[in-house]
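First the structure, in the form of structure tokens, and then the observations on it.
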2 protein chains.
Amino acid sequence: MLTHSAVFFYCSLFNIGTFANDCKLFFQTFAFFLFELQTKNQTSRTELELSLSQESKLTLAGLAKLAGVSTSTASRALNDNPLIKEETRHRLQKLAQEHNFSLNRAASRLRTQKTNVVAVILNLTDSTEQSISDPFLLKVVADLNQALNARGYEMLLSNSLMAKGEWANYFIHSQRADGLIIVGQGKSSEKIDAAVKNAAPLVVWGDPTAKTDYPIIGSDNRLGGYLAAQKLLSTGCQKLMFLGDPEHAEMAQRYQGFKQALKDHQISEDDAITVAIDITSHAAYRQLNQHIVSNGLQFDGIVASSDMVALGALKALKERYINVPSEVAIVGFDDITMAELFHPALTTVAQNTKLAAEQMVETLMARLAGEPVKSKMIDIELVERHSTAR
Amino acid sequence: MLTHSAVFFYCSLFNIGTFANDCKLFFQTFAFFLFELQTKNQTSRTELELSLSQESKLTLAGLAKLAGVSTSTASRALNDNPLIKEETRHRLQKLAQEHNFSLNRAASRLRTQKTNVVAVILNLTDSTEQSISDPFLLKVVADLNQALNARGYEMLLSNSLMAKGEWANYFIHSQRADGLIIVGQGKSSEKIDAAVKNAAPLVVWGDPTAKTDYPIIGSDNRLGGYLAAQKLLSTGCQKLMFLGDPEHAEMAQRYQGFKQALKDHQISEDDAITVAIDITSHAAYRQLNQHIVSNGLQFDGIVASSDMVALGALKALKERYINVPSEVAIVGFDDITMAELFHPALTTVAQNTKLAAEQMVETLMARLAGEPVKSKMIDIELVERHSTAR
DNA sequence: AAATAAAATGCAATCGTTTGCAATCTTGTA
DNA sequence: TACAAGATTGCAAACGATTGCATTTTATTT
């Protein structure tokens, strides 16, 4: 670089064009050797030496200098820009590797106005700490991580406490991330609405049947609830219990499906029991216990709104020596890893988190590309195990 | 800005110093009004109008203009720099809020060479997918998230697949993050060593007794193993089984403690059974099953290397109608949320992940500040429940 | 009122990339 | 040999904040 322009300048001063051209060719070809020579002979040998020997971190300009090309070329080469000759590109990539160089993302993000980061927000209700221990949610996060990485995006993980609910500003306008994936609709859509209004590109995991102006990806919860109840009824259960919170968007759908199944079996809604609980095992355990104490065993089948809830229920039943599945059959929801390891192994409605994660990422990418997007429903599937075997 | 310098330039051309000064004072005080006037009268009214009315995102310079101050002042005000008068600071912060402004992190990161991001890496072994479903690991991640946020840091979540093991380059030199927290030592320390060699500031969750030149935070696993075995022996168990992988750093410590307890009870190592398994419930279930099939029930107490392993073991035992705890007692490790909900409720060695997470973050901060740091051991505690009640 | 110290603000360079455009090099063809 | 077209490369201006230093304002003292 220095070499080139210095020579060029020198030559043009004297107006000896052809000579200058020859010089340039010469210099260009042997730029690197020349450079070594040059720095060794000079007193001010700061720059190159430093970047070679010391920790003074190498910059793109430094790398370019080492390679005897301009920063533009270096930049393009490292970014696989087809403008650059293949040989040059390889040479630079190799050099970069050798020197442990990698592009400064802060700089490139500033320049390109793109971060290649997606913020994943666990949108918990106020009970905070508790539900974060739900293996299902964390499975979703893990799958999102995979799906994002597969597309070259990084994942910034956040809980809803961060950023005081100012998601659009905090994440998007501040250029911390390009888009948001919000896991869980929560009980109010306030924060999400605000973010959407402030032009934050986002996708939500939740109830895809909800009418919103942002895309929601989620399972067919209604069908799930239906299949669960249907399974119980078809194995001979007479009195069902729904264990979950009908206020919560997704659970409400499951509850609808549950009721539909009853109707299809000519059973009155009033003959079913609904115990409204938070979506944690402890809540399930406590409330089911209490319900049995107060009302005795008035049911022979339970549709639990999640596997964790089912786990809590199982414990309560076992402690009272109520046999599962012979006395009470039970169906969970989610199919977390350990559902199979419960005793008895839990029949449950499996949510395809892997596919869901991919869909969410895909949808977000489309949204970022300015394409129109819409909510999507993910298929679910009943997995039959022992907790409903009669 | 424009106003000031234009006037200044103009005046200095004509060498009318005092007049220029007066002008400046005047303009400065009424900068905002003047600006409005000016833009309304001119044909090219681009900048201000745009930033006011349209989405053309507001920049610090724009905000400063609106407030009639320089960008320096605006920057300092928003960063709570004490150089700025309190009134000015408040005014600017309010203005920023009103206009939904937030500083561009890409830019400030570039300038300050600091990201305020910590990358958390799940350092899984090749079995990948599987262990990420371990609720314990994810609990650690969740606690790290809390601890980081509490210090104003954000969390970039990554699995070990990302970055092809080039952690130092990928995360640190590229300025994606300031430091690394690596969850799990894995079976080889190769990647970690490489990162350390490349000057990546990092902290590891693992076995703190390991001799390394980087800090490791972890539980007192040896004591944990000891307490677990001790508990079983003291309730009358005669033949113990260790269910876990003695190759794995942390598990090895637990195994040491286990053996120590045997010794203290004058029991020969050979009288104990070791079943080496991966740290998943499925592996535990499978292998324990197989072991019983091959060798019959030769033990009356199990030290499981994790709660998930204990869960797998429980299932195997239950399926064979072996009663827990009367025939076989069992102790887990970790105290995951649902340990209490197993049936019987699991006696286990609790790891204090919250404290651990805080320590890791604190240690990393110290490391980033250039202070010397060292490994730290976190206290553990035996939580007694029903699986050891005899 | 002037001089001085202290508080508050502004100027302008800088961080390390990317990219439109201009300049140069290569190649094929007349 | 010259020339145009196409392939490569370089120049230099952004991107939007931070900060040392210079300058102005305000408060304090003589």
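Numbering starts fresh at 1 for the residues of each chain in the structure tokens, the chains themselves are lettered A, B, ... in the order given, and ligands are numbered from 1 as they appear.
Once chain A has been superposed on chain B by least squares across all Cα atoms, the two differ by an RMSD of 0.8 Å.
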### Message
List the spatial neighbours of D:DG16 as a VMD selection string - criterion: any atom at most 8 Å away, only C-alpha atoms (C1' of nucleotides), same-chain residues fewer than 6 positions off excluded.
### Response
(chain A and resid 110) or (chain B and resid 59 to 60 104 107 to 108)
Closest atom pairs, residues of chain B within 12 Å of chain D, only C-alpha atoms (C1' of nucleotides), as CSV:
```
residue,atom,partner,partner_atom,distance
B:Asn21,CA,D:DT24,C1',10.6
B:Lys24,CA,D:DT24,C1',10.9
B:Leu25,CA,D:DT24,C1',10.0
B:Gln28,CA,D:DT24,C1',11.6
B:Lys57,CA,D:DG16,C1',11.4
B:Leu58,CA,D:DG16,C1',10.4
B:Thr59,CA,D:DG16,C1',7.0
B:Leu60,CA,D:DG16,C1',7.4
B:Ala61,CA,D:DG16,C1',8.4
B:Gly62,CA,D:DG16,C1',10.7
B:Thr71,CA,D:DA17,C1',9.0
B:Ser72,CA,D:DT18,C1',7.8
B:Thr73,CA,D:DT18,C1',10.7
B:Ala74,CA,D:DA17,C1',10.5
B:Ser75,CA,D:DT18,C1',7.5
B:Arg76,CA,D:DT18,C1',8.6
B:Leu78,CA,D:DA17,C1',11.5
B:Asn79,CA,D:DT18,C1',10.3
B:Asn81,CA,D:DT19,C1',11.6
B:Lys85,CA,D:DT26,C1',11.8
B:Ser102,CA,D:DA17,C1',11.2
B:Leu103,CA,D:DA17,C1',7.6
B:Asn104,CA,D:DG16,C1',6.6
B:Arg105,CA,D:DA17,C1',8.0
B:Ala106,CA,D:DG16,C1',8.1
B:Ala107,CA,D:DA17,C1',4.9
B:Ser108,CA,D:DA17,C1',4.7
B:Arg109,CA,D:DA17,C1',8.2
B:Leu110,CA,D:DA17,C1',8.1
B:Arg111,CA,D:DT18,C1',6.1
B:Thr112,CA,D:DT18,C1',6.8
B:Gln113,CA,D:DT18,C1',10.4
B:Lys114,CA,D:DT18,C1',11.6
```
## Note on the structure
As a check of understanding: the span from atom CA of A:Asp143 to atom CA of A:Ser281 is 23.1 Å
#### Entry: Residues of chain C within 8 Å of chain A, only C-alpha atoms (C1' of nucleotides) counted, as a PyMOL selection string
chain C and resi 15-18
### Task
Kindly provide, as a PyMOL selection string, the residues of chain B having any atom no farther than 7 Å from an atom of chain A, counting only C-alpha atoms.
chain B and resi 100-107+109-110+133+135+138-139+155-157+169-170+173-176+312+315+341+343
### Message
Env of A:Gln230: 9 Å cut, atoms = only C-alpha atoms (C1' of nucleotides), seq-sep filter 2 positions within chain, self excluded. Answer as a list in words.
### Response
Gly225, Tyr226, Leu227, Ala228, Leu232, Leu233, Ser234, Thr235, Phe258, Ala261, Leu262, Asp264 and His265 of chain A
Keeping C-alpha atoms, export the residues of the selection given above as a compact mmCIF listing (two decimals), in the first residue's frame.
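again09.txt, written as the output of this step:
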```
# COMPACT_ATOMS: atom_id res chain seq x y z
CA GLY A 225 -56.43 -30.98 23.96
CA TYR A 226 -58.91 -32.87 21.88
CA LEU A 227 -56.64 -35.85 21.30
CA ALA A 228 -55.76 -36.02 24.97
CA LEU A 232 -58.95 -40.96 27.86
CA LEU A 233 -62.56 -41.28 26.85
CA SER A 234 -61.84 -43.98 24.36
CA THR A 235 -60.09 -46.07 26.98
CA PHE A 258 -60.89 -30.89 25.69
CA ALA A 261 -64.02 -34.09 22.86
CA LEU A 262 -66.52 -34.25 25.70
CA ASP A 264 -68.39 -35.53 20.80
CA HIS A 265 -68.88 -38.19 23.42
```
#### Entry: Spatial neighbours of stretch 349-364 of chain A, max dist 8 Å, only C-alpha atoms (C1' of nucleotides), sep filter under 4 positions, as a VMD selection string
chain A and resid 139 to 140 143 to 144 147 to 148 179 to 181 201 to 205 215 217 to 219 224 227 to 228 331 to 336 368 373 to 374 376 378 to 383
Can you tell me, as a short mmCIF file (atom, residue, chain, number, x, y, z; two decimals) with C-alpha atoms, in the first residue's frame, which residues in stretch 67-243 of chain A count as alpha helix (DSSP H) by DSSP?
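Dumped to selection_33.cif:
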```
data_model
loop_
_atom_site.label_atom_id
_atom_site.label_comp_id
_atom_site.auth_asym_id
_atom_site.auth_seq_id
_atom_site.Cartn_x
_atom_site.Cartn_y
_atom_site.Cartn_z
CA ALA A 67 -0.78 -9.54 1.80
CA THR A 71 -8.25 -3.18 2.50
CA SER A 72 -11.10 -3.28 0.04
CA THR A 73 -9.69 -6.36 -1.55
CA ALA A 74 -8.99 -7.92 1.79
CA SER A 75 -12.49 -7.22 2.98
CA ARG A 76 -14.03 -8.68 -0.11
CA ALA A 77 -11.79 -11.70 -0.04
CA LEU A 78 -12.73 -12.56 3.51
CA GLU A 86 -10.15 -17.00 -6.44
CA GLU A 87 -6.44 -17.21 -5.91
CA THR A 88 -6.36 -13.90 -4.06
CA ARG A 89 -9.30 -14.91 -1.95
CA HIS A 90 -7.70 -18.16 -0.87
CA ARG A 91 -4.42 -16.48 -0.17
CA LEU A 92 -6.06 -13.96 2.09
CA GLN A 93 -8.21 -16.45 3.87
CA LYS A 94 -5.22 -18.59 4.56
CA LEU A 95 -3.26 -15.60 5.80
CA ALA A 96 -6.12 -14.63 8.06
CA GLN A 97 -6.21 -18.10 9.52
CA GLU A 98 -2.50 -18.15 10.10
CA ARG A 105 -17.92 -7.33 14.22
CA ALA A 106 -18.52 -4.05 15.98
CA ALA A 107 -17.09 -2.29 12.98
CA SER A 108 -18.85 -4.33 10.36
CA ARG A 109 -22.13 -4.06 12.17
CA LEU A 110 -21.77 -0.35 12.29
CA ARG A 111 -21.00 -0.19 8.65
CA THR A 112 -23.55 -2.67 7.37
CA PRO A 135 -37.64 -28.14 30.67
CA PHE A 136 -39.98 -27.58 27.81
CA LEU A 137 -39.25 -23.89 27.45
CA LEU A 138 -35.59 -24.57 27.67
CA LYS A 139 -35.90 -27.19 24.99
CA VAL A 140 -37.43 -24.57 22.77
CA VAL A 141 -34.52 -22.29 23.51
CA ALA A 142 -32.03 -25.01 22.71
CA ASP A 143 -33.74 -25.76 19.44
CA LEU A 144 -33.85 -22.11 18.56
CA ASN A 145 -30.17 -21.92 19.20
CA GLN A 146 -29.55 -24.73 16.75
CA ALA A 147 -31.82 -23.27 14.13
CA LEU A 148 -30.26 -19.83 14.41
CA ASN A 149 -26.74 -21.09 14.28
CA ALA A 150 -27.60 -23.12 11.23
CA TRP A 167 -37.77 -4.28 23.56
CA GLU A 190 -48.73 -5.28 26.03
CA LYS A 191 -44.98 -5.49 25.60
CA ILE A 192 -45.25 -7.34 22.35
CA ASP A 193 -47.69 -4.81 20.95
CA ALA A 194 -45.39 -2.00 21.94
CA ALA A 195 -42.46 -3.65 20.25
CA VAL A 196 -44.45 -4.20 17.09
CA LYS A 197 -45.62 -0.62 17.07
CA ASN A 221 -53.20 -26.82 20.89
CA ARG A 222 -56.88 -27.31 20.33
CA LEU A 223 -56.28 -30.56 18.53
CA GLY A 224 -53.85 -31.51 21.26
CA GLY A 225 -56.43 -30.98 23.96
CA TYR A 226 -58.91 -32.87 21.88
CA LEU A 227 -56.64 -35.85 21.30
CA ALA A 228 -55.76 -36.02 24.97
CA ALA A 229 -59.36 -36.10 26.14
CA GLN A 230 -60.33 -38.35 23.28
CA LYS A 231 -57.69 -40.84 24.29
CA LEU A 232 -58.95 -40.96 27.86
CA LEU A 233 -62.56 -41.28 26.85
CA SER A 234 -61.84 -43.98 24.36
#
```
### Task
Please return as a PyMOL selection string: the residues of stretch 121-343 of chain A that backbone DSSP assigns to strand (DSSP E).
chain A and resi 121-122+154-159+179-183+202-205+216-219+240-243+273-275+301-304+329-334
Can you write out the residues you just picked, keeping N, CA and C atoms, as a tab-separated table (two decimals), in the first residue's frame?
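Resulting contents of out.tsv:
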```tsv
chain	number	residue	atom	x	y	z
A	121	ILE	N	-36.23	-13.88	23.72
A	121	ILE	CA	-36.72	-13.37	25.00
A	121	ILE	C	-37.66	-14.36	25.65
A	122	LEU	N	-37.32	-14.77	26.85
A	122	LEU	CA	-38.21	-15.64	27.60
A	122	LEU	C	-39.24	-14.76	28.28
A	154	GLU	N	-26.42	-15.49	15.56
A	154	GLU	CA	-26.13	-15.76	16.95
A	154	GLU	C	-27.34	-15.43	17.80
A	155	MET	N	-27.31	-15.98	18.99
A	155	MET	CA	-28.48	-15.85	19.84
A	155	MET	C	-28.15	-15.09	21.12
A	156	LEU	N	-28.86	-14.01	21.30
A	156	LEU	CA	-28.72	-13.24	22.53
A	156	LEU	C	-29.88	-13.64	23.41
A	157	LEU	N	-29.57	-14.23	24.55
A	157	LEU	CA	-30.65	-14.74	25.40
A	157	LEU	C	-31.01	-13.73	26.48
A	158	SER	N	-32.28	-13.50	26.63
A	158	SER	CA	-32.74	-12.50	27.57
A	158	SER	C	-34.00	-12.96	28.28
A	159	ASN	N	-34.17	-12.53	29.47
A	159	ASN	CA	-35.47	-12.78	30.09
A	159	ASN	C	-36.27	-11.48	30.01
A	179	GLY	N	-33.49	-8.93	15.07
A	179	GLY	CA	-34.88	-9.32	15.27
A	179	GLY	C	-35.08	-9.99	16.61
A	180	LEU	N	-36.34	-10.21	16.94
A	180	LEU	CA	-36.68	-10.80	18.23
A	180	LEU	C	-37.46	-12.09	18.05
A	181	ILE	N	-37.18	-13.04	18.89
A	181	ILE	CA	-38.04	-14.20	19.00
A	181	ILE	C	-38.52	-14.23	20.43
A	182	ILE	N	-39.82	-14.15	20.59
A	182	ILE	CA	-40.37	-14.07	21.92
A	182	ILE	C	-41.02	-15.39	22.29
A	183	VAL	N	-40.52	-16.00	23.31
A	183	VAL	CA	-41.00	-17.32	23.70
A	183	VAL	C	-42.06	-17.16	24.78
A	202	LEU	N	-40.33	-9.24	14.66
A	202	LEU	CA	-40.39	-10.30	15.68
A	202	LEU	C	-41.30	-11.44	15.30
A	203	VAL	N	-41.09	-12.52	16.00
A	203	VAL	CA	-41.90	-13.72	15.87
A	203	VAL	C	-42.16	-14.22	17.28
A	204	VAL	N	-43.35	-14.74	17.49
A	204	VAL	CA	-43.72	-15.17	18.84
A	204	VAL	C	-44.00	-16.67	18.87
A	205	TRP	N	-43.62	-17.31	19.94
A	205	TRP	CA	-44.05	-18.68	20.17
A	205	TRP	C	-45.29	-18.60	21.04
A	216	ILE	N	-47.32	-15.59	14.80
A	216	ILE	CA	-47.16	-16.48	15.95
A	216	ILE	C	-47.01	-17.91	15.46
A	217	ILE	N	-45.99	-18.55	15.96
A	217	ILE	CA	-45.81	-19.96	15.63
A	217	ILE	C	-46.18	-20.75	16.87
A	218	GLY	N	-46.89	-21.83	16.69
A	218	GLY	CA	-47.25	-22.63	17.86
A	218	GLY	C	-47.93	-23.92	17.43
A	219	SER	N	-48.13	-24.77	18.40
A	219	SER	CA	-48.73	-26.06	18.11
A	219	SER	C	-50.23	-25.91	17.94
A	240	LEU	N	-63.72	-36.73	33.49
A	240	LEU	CA	-62.40	-36.16	33.23
A	240	LEU	C	-62.13	-34.90	34.03
A	241	MET	N	-60.86	-34.66	34.23
A	241	MET	CA	-60.43	-33.41	34.88
A	241	MET	C	-59.45	-32.70	33.97
A	242	PHE	N	-59.62	-31.39	33.85
A	242	PHE	CA	-58.64	-30.59	33.11
A	242	PHE	C	-57.80	-29.84	34.13
A	243	LEU	N	-56.52	-30.04	34.05
A	243	LEU	CA	-55.62	-29.46	35.04
A	243	LEU	C	-54.76	-28.41	34.35
A	273	ILE	N	-64.38	-31.77	35.41
A	273	ILE	CA	-63.85	-30.91	36.46
A	273	ILE	C	-62.72	-30.07	35.88
A	274	THR	N	-62.69	-28.83	36.25
A	274	THR	CA	-61.58	-27.99	35.82
A	274	THR	C	-60.88	-27.43	37.04
A	275	VAL	N	-59.62	-27.69	37.13
A	275	VAL	CA	-58.84	-27.11	38.22
A	275	VAL	C	-57.85	-26.14	37.61
A	301	GLY	N	-59.83	-39.70	34.95
A	301	GLY	CA	-58.91	-39.35	33.87
A	301	GLY	C	-58.50	-37.88	34.00
A	302	ILE	N	-57.23	-37.60	33.76
A	302	ILE	CA	-56.74	-36.23	33.86
A	302	ILE	C	-56.07	-35.80	32.56
A	303	VAL	N	-56.48	-34.66	32.07
A	303	VAL	CA	-55.73	-34.03	30.99
A	303	VAL	C	-54.90	-32.93	31.64
A	304	ALA	N	-53.60	-33.11	31.64
A	304	ALA	CA	-52.72	-32.13	32.24
A	304	ALA	C	-52.24	-31.18	31.17
A	329	ALA	N	-56.37	-42.45	34.80
A	329	ALA	CA	-55.44	-42.38	33.68
A	329	ALA	C	-55.04	-40.92	33.50
A	330	ILE	N	-53.92	-40.69	32.88
A	330	ILE	CA	-53.46	-39.30	32.76
A	330	ILE	C	-52.70	-39.06	31.46
A	331	VAL	N	-52.95	-37.92	30.88
A	331	VAL	CA	-52.26	-37.54	29.65
A	331	VAL	C	-51.58	-36.20	29.87
A	332	GLY	N	-50.34	-36.10	29.45
A	332	GLY	CA	-49.60	-34.86	29.62
A	332	GLY	C	-49.57	-34.06	28.33
A	333	PHE	N	-48.71	-33.08	28.29
A	333	PHE	CA	-48.57	-32.24	27.10
A	333	PHE	C	-47.12	-31.77	27.02
A	334	ASP	N	-46.54	-31.86	25.85
A	334	ASP	CA	-45.17	-31.39	25.55
A	334	ASP	C	-44.26	-32.52	25.08
```
### Summary
Of A:Ser160, A:Asn295, A:Ser387, A:Gln266, the one sitting nearest A:Ala310 when using only C-alpha atoms is A:Ser387
### For atom CA of A:Asp271 and atom CA of A:Arg254, the interatomic separation in Å (one decimal)
17.6 Å
